[in-house]
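Visitor: Here you go, start_7.csv (CSV, C-alpha atoms):
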chain,number,residue,atom,x,y,z
A,8,MET,CA,0.0,0.0,0.0
A,9,ALA,CA,1.3,3.5,-0.8
A,10,PRO,CA,2.1,5.8,2.1
A,11,ALA,CA,-0.7,8.1,0.8
A,12,ASN,CA,-3.2,5.5,1.8
A,13,ARG,CA,-1.7,5.1,5.3
A,14,PRO,CA,-2.2,8.2,7.4
A,15,HIS,CA,0.3,7.0,10.0
A,16,SER,CA,3.1,6.3,7.4
A,17,ARG,CA,2.4,9.7,5.8
A,18,PHE,CA,2.5,11.4,9.2
A,19,LEU,CA,5.8,9.6,10.1
A,20,LEU,CA,7.5,10.5,6.9
A,21,ARG,CA,6.3,14.1,6.8
A,22,GLY,CA,7.0,14.5,10.5
A,23,SER,CA,10.5,13.1,10.4
A,24,ALA,CA,11.4,15.3,7.3
A,25,LEU,CA,9.9,18.4,8.9
A,26,LEU,CA,11.6,17.7,12.2
A,27,ILE,CA,15.0,17.5,10.5
A,28,VAL,CA,14.4,20.6,8.4
A,29,LEU,CA,12.9,22.8,11.1
A,30,LEU,CA,15.3,21.8,13.8
A,31,THR,CA,18.2,22.5,11.5
A,32,VAL,CA,16.8,25.9,10.6
A,33,TRP,CA,16.2,26.6,14.3
A,34,TRP,CA,19.8,25.5,15.1
A,35,LEU,CA,21.4,27.6,12.4
A,36,LEU,CA,19.1,30.7,12.2
A,37,LEU,CA,16.4,30.9,14.8
A,38,LEU,CA,18.2,29.9,18.0
A,39,ASN,CA,19.6,33.3,19.0
A,40,PRO,CA,16.4,35.3,18.2
A,41,MET,CA,14.3,32.8,20.1
A,42,LEU,CA,16.7,32.8,23.1
A,43,SER,CA,16.4,36.7,23.1
A,44,MET,CA,12.6,36.4,23.2
A,45,LEU,CA,12.8,33.8,25.9
A,46,ARG,CA,15.1,36.0,27.9
A,47,GLY,CA,12.7,38.9,27.5
A,48,SER,CA,9.7,36.9,28.7
A,49,VAL,CA,11.7,35.5,31.6
A,50,GLU,CA,12.6,39.0,32.7
A,51,VAL,CA,9.0,40.2,32.3
A,52,PHE,CA,7.2,37.2,33.9
A,53,GLY,CA,10.0,36.2,36.4
A,54,GLY,CA,8.9,38.7,39.0
A,55,LEU,CA,5.2,37.7,38.6
A,56,LEU,CA,5.9,34.0,39.0
A,57,LEU,CA,8.8,33.9,41.5
A,58,GLY,CA,7.8,37.0,43.4
A,59,GLY,CA,10.0,39.9,44.6
A,60,SER,CA,12.9,37.6,45.2
A,61,PHE,CA,13.6,37.4,41.5
A,62,ARG,CA,15.8,40.1,40.2
A,63,PRO,CA,14.3,40.9,36.8
A,64,HIS,CA,17.6,41.0,34.9
A,65,VAL,CA,19.3,38.0,33.3
A,66,VAL,CA,23.0,38.5,32.7
A,67,GLU,CA,24.6,36.7,29.8
A,68,THR,CA,27.9,35.0,30.8
A,69,PRO,CA,31.0,35.0,28.6
A,70,SER,CA,30.3,31.3,27.7
A,71,GLY,CA,26.8,32.2,26.5
A,72,GLY,CA,25.0,30.9,29.6
A,73,TRP,CA,22.6,33.0,31.7
A,74,GLY,CA,23.2,34.3,35.1
A,75,PHE,CA,20.2,34.5,37.5
A,76,GLN,CA,19.7,36.2,40.9
A,77,VAL,CA,16.9,34.6,43.0
A,78,HIS,CA,16.4,34.5,46.8
A,79,GLY,CA,19.7,36.4,47.1
A,80,VAL,CA,21.5,33.6,45.4
A,81,GLY,CA,23.3,34.2,42.1
A,82,PHE,CA,24.1,31.2,39.8
A,83,ASP,CA,24.8,30.6,36.2
A,84,MET,CA,22.9,28.3,33.9
A,85,PRO,CA,24.9,26.9,30.9
A,86,ARG,CA,23.8,27.8,27.4
A,87,SER,CA,22.9,24.1,26.7
A,88,GLY,CA,20.6,24.2,29.7
A,89,VAL,CA,18.8,27.3,28.4
A,90,ILE,CA,18.5,26.0,24.8
A,91,THR,CA,16.3,23.1,26.1
A,92,PHE,CA,13.5,25.7,26.7
A,93,SER,CA,13.5,27.1,23.1
A,94,PHE,CA,13.4,24.0,20.9
A,95,GLY,CA,9.8,23.0,21.6
A,96,LEU,CA,8.4,25.4,19.1
A,97,PRO,CA,10.1,24.0,15.9
A,98,VAL,CA,9.1,20.5,17.1
A,99,TYR,CA,5.5,21.6,17.6
A,100,TRP,CA,5.4,23.3,14.2
A,101,ALA,CA,6.8,20.1,12.6
A,102,ILE,CA,4.1,17.9,14.2
A,103,ILE,CA,1.3,20.3,13.3
A,104,LEU,CA,2.5,20.7,9.7
A,105,ALA,CA,2.8,16.9,9.3
A,106,ALA,CA,-0.8,16.4,10.5
A,107,PRO,CA,-3.6,16.1,8.0
A,108,GLY,CA,-5.4,19.1,6.6
A,109,LEU,CA,-2.9,22.0,6.3
A,110,ARG,CA,-5.7,24.7,6.3
A,111,ARG,CA,-7.3,23.3,9.4
A,112,SER,CA,-3.9,23.4,11.1
A,113,LEU,CA,-3.7,27.2,11.3
A,114,ARG,CA,-5.7,27.6,14.5
A,115,PRO,CA,-3.8,24.9,16.5
A,116,LEU,CA,-0.6,26.2,15.0
A,117,ILE,CA,-1.2,29.7,16.4
A,118,LEU,CA,-2.8,28.7,19.7
A,119,GLY,CA,-0.2,26.0,20.4
A,120,THR,CA,2.7,28.3,19.6
A,121,ALA,CA,1.4,30.8,22.1
A,122,LEU,CA,0.7,28.2,24.8
A,123,LEU,CA,4.1,26.4,24.3
A,124,ALA,CA,6.0,29.7,24.4
A,125,MET,CA,4.3,30.4,27.8
A,126,LEU,CA,5.0,26.9,29.0
A,127,GLU,CA,8.7,27.1,28.1
A,128,THR,CA,9.0,30.4,30.0
A,129,VAL,CA,7.2,28.8,33.1
A,130,LEU,CA,9.4,25.7,32.9
A,131,LEU,CA,12.6,27.8,32.8
A,132,LEU,CA,11.5,29.8,35.8
A,133,LEU,CA,10.6,26.6,37.6
A,134,LEU,CA,14.1,25.3,37.0
A,135,VAL,CA,15.6,28.6,38.2
A,136,GLU,CA,13.6,28.3,41.4
A,137,LEU,CA,14.6,24.6,41.9
A,138,VAL,CA,18.3,25.3,41.3
A,139,ALA,CA,18.2,28.3,43.7
A,140,ARG,CA,16.6,26.1,46.4
A,141,ASN,CA,19.2,23.4,45.8
A,142,THR,CA,22.0,26.1,46.0
A,143,LEU,CA,20.6,27.3,49.4
A,144,ARG,CA,20.7,23.7,50.8
A,145,PRO,CA,23.6,23.1,53.2
A,146,PRO,CA,26.7,21.6,51.5
A,147,GLY,CA,26.7,17.8,51.7
A,148,GLY,CA,22.9,17.6,52.3
A,149,VAL,CA,20.9,15.1,50.3
A,150,THR,CA,18.7,16.5,47.6
A,151,PRO,CA,15.1,15.3,48.4
A,152,TRP,CA,13.4,12.9,46.0
A,153,HIS,CA,10.6,15.4,45.1
A,154,SER,CA,13.3,18.0,44.2
A,155,GLN,CA,15.0,15.4,41.9
A,156,PHE,CA,11.7,14.4,40.4
A,157,GLY,CA,10.8,18.1,39.8
A,158,GLU,CA,14.1,18.8,38.1
A,159,TYR,CA,13.9,15.6,36.0
A,160,MET,CA,10.4,16.5,34.8
A,161,VAL,CA,11.3,20.1,34.0
A,162,VAL,CA,14.6,19.4,32.2
A,163,THR,CA,14.3,15.9,30.8
A,164,VAL,CA,10.7,15.1,30.3
A,165,ILE,CA,8.3,18.1,29.8
A,166,PRO,CA,10.2,20.1,27.2
A,167,TYR,CA,10.5,17.0,25.0
A,168,ALA,CA,7.0,15.6,25.5
A,169,ALA,CA,5.0,18.8,25.6
A,170,PRO,CA,5.0,19.7,21.8
A,171,PHE,CA,3.7,16.2,21.0
A,172,LEU,CA,1.0,16.2,23.7
A,173,MET,CA,0.0,19.7,22.8
A,174,ALA,CA,-0.3,18.8,19.1
A,175,VAL,CA,-2.6,15.9,19.9
A,176,SER,CA,-4.6,17.9,22.3
A,177,LEU,CA,-5.1,20.9,20.0
A,178,HIS,CA,-5.3,19.3,16.5
A,179,ARG,CA,-8.7,17.8,16.3
A,180,GLU,CA,-8.2,15.8,13.1
A,181,LEU,CA,-4.9,14.3,14.2
A,182,ARG,CA,-6.5,13.3,17.5
A,183,TRP,CA,-9.4,11.7,15.6
A,184,GLN,CA,-7.0,9.8,13.3
A,185,ILE,CA,-5.0,8.4,16.2
A,186,PHE,CA,-7.8,7.7,18.7
A,187,GLY,CA,-11.0,7.9,16.6
A,188,TRP,CA,-12.2,10.5,19.2
A,189,GLY,CA,-12.5,13.8,17.2
A,190,GLY,CA,-15.7,14.8,18.8
A,191,ALA,CA,-18.0,12.9,21.0
A,192,GLU,CA,-18.6,10.1,18.5
A,193,PRO,CA,-16.4,7.2,17.7
A,194,PRO,CA,-15.3,6.8,14.1
A,195,ALA,CA,-17.7,5.2,11.7
A,196,GLY,CA,-15.4,4.6,8.8
A,197,PRO,CA,-12.0,2.9,8.4
A,198,ALA,CA,-9.0,4.3,10.2
A,199,GLY,CA,-7.6,7.2,8.3
A,200,ALA,CA,-10.9,8.5,6.9
A,201,SER,CA,-11.7,12.1,7.4
A,202,PRO,CA,-13.6,12.9,10.6
A,203,PRO,CA,-16.8,14.9,10.8
A,204,ARG,CA,-15.2,18.3,11.1
A,205,SER,CA,-17.8,20.5,12.8
A,206,LYS,CA,-21.3,20.3,14.1
A,207,LYS,CA,-22.4,22.4,11.1
A,208,GLN,CA,-20.8,20.1,8.6
A,209,ARG,CA,-22.2,17.0,10.4
A,210,ARG,CA,-25.7,18.6,10.3
A,211,ARG,CA,-25.1,19.2,6.5
A,212,GLU,CA,-24.0,15.6,6.0
A,213,ILE,CA,-26.9,14.2,7.9
A,214,GLY,CA,-29.4,16.6,6.5
A,215,PRO,CA,-32.7,17.9,7.9
A,216,GLY,CA,-34.9,15.3,9.5
A,217,GLY,CA,-31.9,13.0,10.3
A,218,GLN,CA,-31.5,11.6,6.7
A,219,ARG,CA,-28.0,10.9,5.7
A,220,ARG,CA,-27.1,12.5,2.3
B,3,MET,CA,-30.7,14.2,27.6
B,4,ARG,CA,-27.6,12.4,26.4
B,5,GLN,CA,-27.8,8.7,25.8
B,6,PRO,CA,-25.5,6.6,28.2
B,7,ARG,CA,-23.4,5.4,25.3
B,8,ALA,CA,-22.8,8.9,24.0
B,9,LEU,CA,-21.9,10.0,27.5
B,10,ALA,CA,-19.4,7.2,27.9
B,11,ALA,CA,-17.9,8.1,24.5
B,12,ALA,CA,-17.6,11.7,25.6
B,13,LYS,CA,-15.9,10.7,28.8
B,14,ARG,CA,-13.3,8.6,27.0
B,15,PRO,CA,-10.8,11.3,26.2
B,16,ALA,CA,-10.9,12.7,29.8
B,17,ARG,CA,-10.5,9.2,31.2
B,18,PHE,CA,-7.6,8.5,28.9
B,19,ALA,CA,-5.9,11.8,29.8
B,20,LEU,CA,-6.3,11.1,33.5
B,21,ILE,CA,-4.9,7.6,33.4
B,22,PHE,CA,-2.2,8.5,31.0
B,23,GLY,CA,-1.0,11.4,33.2
B,24,GLY,CA,-1.1,9.3,36.3
B,25,CYS,CA,0.8,6.4,34.8
B,26,PHE,CA,3.4,8.7,33.3
B,27,LEU,CA,4.1,10.5,36.6
B,28,LEU,CA,4.1,7.3,38.5
B,29,GLY,CA,6.5,5.7,35.9
B,30,VAL,CA,8.9,8.6,36.1
B,31,GLY,CA,8.7,8.7,39.9
B,32,ILE,CA,9.5,4.9,40.1
B,33,LEU,CA,12.4,5.4,37.6
B,34,LEU,CA,14.0,7.9,40.0
B,35,THR,CA,13.8,5.7,43.1
B,36,PRO,CA,17.4,4.6,44.0
B,37,SER,CA,16.8,0.8,43.5
B,38,VAL,CA,15.2,1.2,40.0
B,39,HIS,CA,17.7,3.9,39.1
B,40,ALA,CA,20.5,1.3,39.8
B,41,VAL,CA,18.8,-1.1,37.4
B,42,ASP,CA,18.4,1.7,34.9
B,43,VAL,CA,22.2,2.3,35.0
B,44,GLN,CA,22.9,-1.4,34.4
B,45,PHE,CA,20.4,-1.4,31.5
B,46,SER,CA,22.3,1.6,29.9
B,47,GLY,CA,25.5,-0.4,30.3
B,48,ALA,CA,23.9,-3.4,28.5
B,49,LEU,CA,22.7,-1.2,25.7
B,50,VAL,CA,26.2,0.2,25.2
B,51,LYS,CA,27.6,-3.4,25.0
B,52,ILE,CA,25.0,-4.3,22.4
B,53,SER,CA,25.9,-1.2,20.4
B,54,HIS,CA,29.6,-2.1,20.7
B,55,GLY,CA,28.7,-5.6,19.4
B,56,ILE,CA,26.8,-4.2,16.4
B,57,ILE,CA,29.7,-1.8,15.5
B,58,THR,CA,32.3,-4.6,15.8
B,59,LEU,CA,30.0,-7.0,13.7
B,60,CYS,CA,29.8,-4.3,11.0
B,61,GLY,CA,33.6,-3.9,10.9
B,62,GLY,CA,33.9,-0.8,13.0
B,63,THR,CA,36.2,-0.2,15.9
B,64,ALA,CA,35.1,0.9,19.4
B,65,GLU,CA,36.0,0.3,23.0
B,66,VAL,CA,33.5,-0.1,25.8
B,67,GLN,CA,33.8,0.8,29.4
B,68,LYS,CA,30.6,0.5,31.5
B,69,ALA,CA,28.2,2.9,29.8
B,70,VAL,CA,30.9,4.7,27.8
B,71,LEU,CA,31.7,3.9,24.1
B,72,ARG,CA,35.0,5.2,22.9
B,73,ALA,CA,36.6,5.6,19.5
B,74,PRO,CA,40.3,4.5,19.8
B,75,ALA,CA,41.4,6.6,16.8
B,76,SER,CA,39.9,9.9,17.6
B,77,GLY,CA,39.5,9.5,21.3
B,78,PHE,CA,35.9,10.6,21.1
B,79,ALA,CA,33.7,9.0,23.8
B,80,VAL,CA,30.0,9.0,24.3
B,81,GLU,CA,28.2,8.0,27.5
B,82,MET,CA,24.7,6.6,27.8
B,83,ARG,CA,23.2,8.5,30.7
B,84,ASP,CA,19.7,9.0,32.2
B,85,GLY,CA,17.3,9.8,29.4
B,86,CYS,CA,19.6,8.4,26.7
B,87,ASN,CA,18.5,4.8,27.1
B,88,ALA,CA,14.9,5.7,25.9
B,89,VAL,CA,13.4,4.4,29.1
B,90,ASN,CA,11.4,7.6,29.6
B,91,VAL,CA,10.1,7.3,26.0
B,92,MET,CA,9.1,3.7,26.9
B,93,ILE,CA,7.2,5.0,29.9
B,94,LEU,CA,5.4,7.5,27.6
B,95,LEU,CA,4.3,4.6,25.4
B,96,TRP,CA,3.4,2.3,28.3
B,97,SER,CA,1.3,5.1,29.9
B,98,ALA,CA,-0.6,5.6,26.6
B,99,VAL,CA,-1.2,1.9,26.0
B,100,LEU,CA,-2.3,1.3,29.6
B,101,ALA,CA,-4.7,4.3,29.5
B,102,PHE,CA,-6.3,3.2,26.2
B,103,PRO,CA,-9.4,0.9,26.6
B,104,ALA,CA,-8.3,-2.5,25.1
B,105,ALA,CA,-8.1,-6.2,26.1
B,106,TRP,CA,-5.1,-7.0,28.4
B,107,ARG,CA,-3.7,-9.4,25.7
B,108,LEU,CA,-3.5,-6.5,23.2
B,109,LYS,CA,-2.1,-4.2,25.9
B,110,ALA,CA,0.7,-6.7,26.6
B,111,LEU,CA,1.4,-7.0,22.9
B,112,GLY,CA,1.6,-3.2,22.6
B,113,LEU,CA,3.9,-2.9,25.6
B,114,VAL,CA,6.3,-5.6,24.5
B,115,ALA,CA,6.4,-4.9,20.7
B,116,GLY,CA,6.5,-1.2,21.2
B,117,SER,CA,9.3,-1.4,23.8
B,118,LEU,CA,11.4,-3.6,21.4
B,119,ILE,CA,10.9,-1.2,18.5
B,120,ILE,CA,11.8,1.8,20.6
B,121,GLN,CA,15.0,0.1,21.9
B,122,ALA,CA,16.0,-1.0,18.4
B,123,LEU,CA,15.6,2.7,17.2
B,124,ASN,CA,17.6,3.8,20.2
B,125,LEU,CA,20.5,1.6,19.3
B,126,VAL,CA,20.5,3.2,15.8
B,127,ARG,CA,20.4,6.6,17.5
B,128,PHE,CA,23.3,5.8,19.9
B,129,ILE,CA,25.5,4.3,17.1
B,130,SER,CA,24.8,7.2,14.8
B,131,LEU,CA,25.6,9.7,17.5
B,132,PHE,CA,28.9,7.8,18.2
B,133,TYR,CA,30.0,8.4,14.6
B,134,LEU,CA,28.5,11.9,14.3
B,135,GLY,CA,30.4,13.1,17.3
B,136,GLN,CA,33.7,12.1,15.7
B,137,TYR,CA,32.7,14.2,12.7
B,138,SER,CA,31.3,17.4,14.3
B,139,MET,CA,30.6,18.4,17.9
B,140,SER,CA,28.1,21.1,16.9
B,141,TRP,CA,26.0,18.6,14.8
B,142,PHE,CA,26.4,16.1,17.6
B,143,GLU,CA,24.9,18.5,20.0
B,144,LEU,CA,21.9,19.2,17.8
B,145,ALA,CA,21.3,15.5,17.0
B,146,HIS,CA,21.9,14.3,20.5
B,147,GLY,CA,20.0,16.9,22.5
B,148,TYR,CA,17.1,17.7,20.2
B,149,LEU,CA,16.7,16.0,16.9
B,150,TRP,CA,17.0,12.3,17.8
B,151,GLU,CA,15.0,12.7,21.0
B,152,SER,CA,12.1,14.3,19.0
B,153,LEU,CA,12.3,11.7,16.3
B,154,LEU,CA,12.1,9.0,18.9
B,155,ILE,CA,9.0,10.5,20.5
B,156,LEU,CA,7.5,10.9,17.0
B,157,ASP,CA,8.2,7.2,16.3
B,158,THR,CA,6.6,6.3,19.7
B,159,MET,CA,3.5,8.3,18.7
B,160,VAL,CA,3.2,6.4,15.5
B,161,ILE,CA,3.8,3.0,17.2
B,162,PHE,CA,0.9,3.9,19.5
B,163,TRP,CA,-1.2,4.9,16.5
B,164,LEU,CA,-0.5,1.6,14.8
B,165,TRP,CA,-1.4,-0.3,18.0
B,166,VAL,CA,-4.7,1.6,18.3
B,167,ASN,CA,-5.5,0.6,14.7
B,168,ARG,CA,-4.8,-3.0,15.6
B,169,VAL,CA,-7.0,-2.8,18.7
B,170,SER,CA,-9.8,-1.2,16.5
B,171,ARG,CA,-9.5,-4.0,13.9
B,172,SER,CA,-9.5,-6.7,16.6
B,173,GLU,CA,-12.6,-5.2,18.2
B,174,ALA,CA,-14.3,-4.9,14.8
B,175,VAL,CA,-13.6,-8.7,14.2
B,176,ARG,CA,-14.9,-9.6,17.6
B,177,GLY,CA,-18.0,-7.4,17.1
B,178,ALA,CA,-18.7,-9.1,13.7
B,179,SER,CA,-18.3,-12.6,15.1
B,180,GLN,CA,-20.7,-11.9,18.0
Go ahead and render the structure in this file as structure tokens.
Guide:
Amino acid sequence: MAPANRPHSRFLLRGSALLIVLLTVWWLLLLNPMLSMLRGSVEVFGGLLLGGSFRPHVVETPSGGWGFQVHGVGFDMPRSGVITFSFGLPVYWAIILAAPGLRRSLRPLILGTALLAMLETVLLLLLVELVARNTLRPPGGVTPWHSQFGEYMVVTVIPYAAPFLMAVSLHRELRWQIFGWGGAEPPAGPAGASPPRSKKQRRREIGPGGQRR
Amino acid sequence: MRQPRALAAAKRPARFALIFGGCFLLGVGILLTPSVHAVDVQFSGALVKISHGIITLCGGTAEVQKAVLRAPASGFAVEMRDGCNAVNVMILLWSAVLAFPAAWRLKALGLVAGSLIIQALNLVRFISLFYLGQYSMSWFELAHGYLWESLLILDTMVIFWLWVNRVSRSEAVRGASQ
């Protein structure tokens, strides 16, 4: 069977190609502008989320990392650590553009981009808070399990999984194709068929008086 | 008023999200407990040995020391650490499979087959990174930190999709035979 007849094969091929292209473009061209925007949003929202203890100024270190000042503690975060909070957007764009129905992808694309940008800012601020608390701990003290868990989730899990989970949550047609749960109704046709897109369209398909056209 | 079947269908996504989230947090939590973490480290070591075996079988040269794979000629070494052994991606798949309504036999099939495919892909990832790192550190950083990780999650998503198709087909056959 040709990939065109298999929505999952088409999605995998398009998604892989788009991930390679968009992440390369991000790495070569978009990384610095996106880090500048992240830095701006961290400076603006840092005070709101972390309270008055957050000094709303991020200093760039000579090695490209970021220096923070929280709870009276100053510490540097390496550039590689900061980059983790800017790569979710190209991944999200790749998934949404690989999903079926390019025109119907516009709304989830815009909404998801805004939500993911906010999430990445919040995650970076959470990490700053966790690192500050760990720095305040007496030397030689054991890091509690919940702190390890929080840091693992914020650094290793959420930035990687969030673009995919958000794409499935926001893209109705992709969700329908995977689960068969686009709306409240289970799929009637074979896997990969187009879902009923809206209540209006379903009404039009069924027709007045409940007769299917 | 909604029919009970329609109501149950409407509740399905919420139920899935709840069980998926719970299983995922529980899985990551268990992974970080000291005893499981020790097993996880041993598992990483085993994967590095398998990668070394594949490289040697294909005529390449590499040295292995615990979870570190080293190229004798260039001196480049790569270590399989937490998050590099694809266990967290497996937890993602397990959570989705466990949360989806299906027969336990099909769930077991999804867990085992999915985990094997993910680990096979992860071996390809690790070996490719071993060679890429000897060529360019900048491209290694991109591939290691972001590209391969995203590709692996994309593959996991498609594995889950294929499994759901299999579950739907199997339920359709069961429904037709009843």
Visitor: So that I can see what lies close to Gly135 (chain B), please list as a list of chain:residue names the residues with an atom at most 10 Å from it, counting all atoms listed in the file and leaving out residues fewer than 2 positions away in the same chain.
Guide: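 My reading of the contact set: B:Ala73, B:Phe78, B:Ala79, B:Val80, B:Ser130, B:Leu131, B:Phe132, B:Tyr133, B:Tyr137, B:Ser138, B:Met139, B:Ser140, B:Trp141, B:Phe142, B:Glu143, B:Ala145, B:His146.
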Visitor: List every residue of chain A that has an atom at most 9 Å from any atom of chain B, and for each one report the closest atom pair and its distance in Å to one decimal, counting all atoms listed in the file, with rows sorted by chain and then by increasing residue number, as CSV.
Guide:
residue,atom,partner,partner_atom,distance
A:His15,CA,B:Val160,CA,6.2
A:Ser16,CA,B:Val160,CA,8.1
A:Phe18,CA,B:Val160,CA,8.1
A:Leu19,CA,B:Val160,CA,6.8
A:Gly22,CA,B:Leu156,CA,7.4
A:Ser23,CA,B:Leu153,CA,6.3
A:Leu26,CA,B:Leu149,CA,7.1
A:Ile27,CA,B:Leu149,CA,6.8
A:Leu30,CA,B:Leu149,CA,6.7
A:Thr31,CA,B:Leu144,CA,8.0
A:Trp34,CA,B:Leu144,CA,7.2
A:Ser87,CA,B:Gly147,CA,8.8
A:Thr91,CA,B:Tyr148,CA,8.0
A:Phe94,CA,B:Tyr148,CA,7.3
A:Val98,CA,B:Ser152,CA,7.1
A:Ile102,CA,B:Leu156,CA,8.3
A:Trp152,CA,B:Thr35,CA,7.8
A:His153,CA,B:Gly31,CA,8.7
A:Gln155,CA,B:Leu34,CA,7.8
A:Phe156,CA,B:Gly31,CA,6.5
A:Tyr159,CA,B:Val30,CA,8.6
A:Met160,CA,B:Val30,CA,8.1
A:Thr163,CA,B:Gly85,CA,6.9
A:Val164,CA,B:Asn90,CA,7.6
A:Tyr167,CA,B:Ser152,CA,6.8
A:Ala168,CA,B:Ile155,CA,7.4
A:Phe171,CA,B:Leu156,CA,7.7
A:Gln184,CA,B:Trp163,CA,8.2
A:Ile185,CA,B:Trp163,CA,5.2
A:Phe186,CA,B:Val166,CA,6.9
A:Trp188,CA,B:Pro15,CA,7.2
A:Gly190,CA,B:Ala12,CA,7.7
A:Ala191,CA,B:Ala12,CA,4.8
A:Glu192,CA,B:Ala11,CA,6.4
A:Pro193,CA,B:Ala11,CA,7.0
A:Ala198,CA,B:Asn167,CA,6.8
Visitor: From the options B:Leu100, B:Ala174, B:Leu59, B:Val89, which residue's atoms come nearest to Ser117 (chain B), counting all atoms listed in the file?
Guide: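 The closest residue to Ser117 (chain B) is B:Val89.
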Visitor: Restricting the calculation to all atoms listed in the file: of B:Val99, B:Ala75, B:Ala69, B:Val126, which residue gets closest to Leu111 (chain B)?
Guide: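 Looking only at the distances to Leu111 (chain B), the closest residue turns out to be B:Val99.
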Visitor: Smallest atom-to-atom distance to Val162 (chain A): which of A:Phe92, A:Ser112, A:Ala101, A:Leu122, using only C-alpha atoms?
Guide: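 Of A:Phe92, A:Ser112, A:Ala101, A:Leu122, the one nearest Val162 (chain A) is A:Phe92, counting only C-alpha atoms.
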Visitor: Out of A:Ala169, A:Leu132, A:Leu96, A:Ala174, which residue has the shortest atom-to-atom distance to Leu57 (chain A) when counting only C-alpha atoms?
Guide: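 Under the stated criterion, the closest residue is A:Leu132.
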Visitor: Mind giving me the straight-line distance from CA of Ser43 (chain A) to CA of Asp83 (chain A) in Å, one decimal?
Guide: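 Straight-line distance from CA of Ser43 (chain A) to CA of Asp83 (chain A) works out to 16.7 Å.
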Visitor: Measure the distance from CA of Ala16 (chain B) to CA of Arg182 (chain A) in Å and round it to one decimal.
Guide: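 Interatomic distance, CA of Ala16 (chain B) to CA of Arg182 (chain A): 13.1 Å.
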Visitor: Could you state the separation of CA of Ile103 (chain A) and CA of Leu36 (chain A) in Å, given to one decimal place?
Guide: 20.6 Å
Visitor: Between B:Met92, B:Met82, B:Leu108, B:Leu125, which one has atoms that come closest to Gln44 (chain B), using all atoms listed in the file?
Guide: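 Closest to Gln44 (chain B), using all atoms listed in the file: B:Met82.
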Visitor: Please determine the residues with any atom at most 7 Å from (13.2, 26.1, 19.6) (coordinates as given in the file, with all atoms listed in the file counting) and report them as a list in words.
Guide: Trp33, Leu38, Met41, Ser93, Phe94, Gly95, Leu96 and Pro97 of chain A
Visitor: With all atoms listed in the file as the basis for distance, which of B:Val41, B:Val169, B:Leu71, B:Ile52 is at the shortest distance from Ala110 (chain B)?
Guide: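 Between B:Val41, B:Val169, B:Leu71, B:Ile52, the residue approaching Ala110 (chain B) most closely is B:Val169.
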Visitor: Env of Ser48 (chain A): 10 Å cut, atoms = all atoms listed in the file, seq-sep filter 2 positions within chain, self excluded. Answer as a list in words.
Guide: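 Residues near the query, excluding close chain neighbours: Leu42, Ser43, Met44, Leu45, Arg46, Glu50, Val51, Phe52, Gly53, Ala124, Met125, Glu127, Thr128 and Val129 of chain A.
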Visitor: Can you pull out every residue within 10 Å of Gly108 (chain A), counting all atoms listed in the file, but drop anything in the same chain fewer than 3 positions away, and send it as a list in words?
Guide: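 Listing them by chain and then by number gives Ile103, Leu104, Ala105, Arg111, Ser112, Leu113, His178, Glu180, Leu181 and Ser201 of chain A.
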Visitor: Residues within 10 Å of Arg114 (chain A), please, as an mmCIF file with C-alpha atoms, keeping the file's coordinate frame. Count all atoms listed in the file; anything in the same chain fewer than 5 positions from it doesn't count.
Guide:
data_model
loop_
_atom_site.group_PDB
_atom_site.id
_atom_site.type_symbol
_atom_site.label_atom_id
_atom_site.label_comp_id
_atom_site.auth_asym_id
_atom_site.auth_seq_id
_atom_site.Cartn_x
_atom_site.Cartn_y
_atom_site.Cartn_z
ATOM 1 C CA GLY A 119 -0.200 26.000 20.400
ATOM 2 C CA THR A 120 2.700 28.300 19.600
ATOM 3 C CA LEU A 177 -5.100 20.900 20.000
ATOM 4 C CA HIS A 178 -5.300 19.300 16.500
#
Visitor: Compile a residue-level contact table for region 79-112 of chain A against region 134-142 of chain A at a cut-off of 8 Å, reporting for every qualifying residue the shortest atom pair and its distance in Å to one decimal, with all atoms listed in the file counted, rows ordered by chain and ascending number, as a Markdown table.
Guide:
| residue | atom | partner | partner_atom | distance |
| --- | --- | --- | --- | --- |
| A:Val80 | CA | A:Ala139 | CA | 6.5 |
| A:Gly81 | CA | A:Ala139 | CA | 8.0 |
| A:Phe82 | CA | A:Ala139 | CA | 7.6 |
Visitor: Could you add the missing atoms to region 94-99 of chain A, up to N, CA and C atoms, and return them as a tab-separated table (two decimals), in the frame of the given file?
Guide:
chain	number	residue	atom	x	y	z
A	94	PHE	N	13.53	24.87	22.10
A	94	PHE	CA	13.40	24.00	20.90
A	94	PHE	C	12.07	23.38	20.73
A	95	GLY	N	11.18	23.57	21.69
A	95	GLY	CA	9.80	23.00	21.60
A	95	GLY	C	9.02	23.53	20.44
A	96	LEU	N	9.22	24.80	20.13
A	96	LEU	CA	8.40	25.40	19.10
A	96	LEU	C	8.64	24.80	17.70
A	97	PRO	N	9.89	24.68	17.22
A	97	PRO	CA	10.10	24.00	15.90
A	97	PRO	C	9.55	22.59	15.89
A	98	VAL	N	9.66	21.90	17.03
A	98	VAL	CA	9.10	20.50	17.10
A	98	VAL	C	7.62	20.54	16.95
A	99	TYR	N	6.99	21.48	17.65
A	99	TYR	CA	5.50	21.60	17.60
A	99	TYR	C	5.08	21.94	16.16
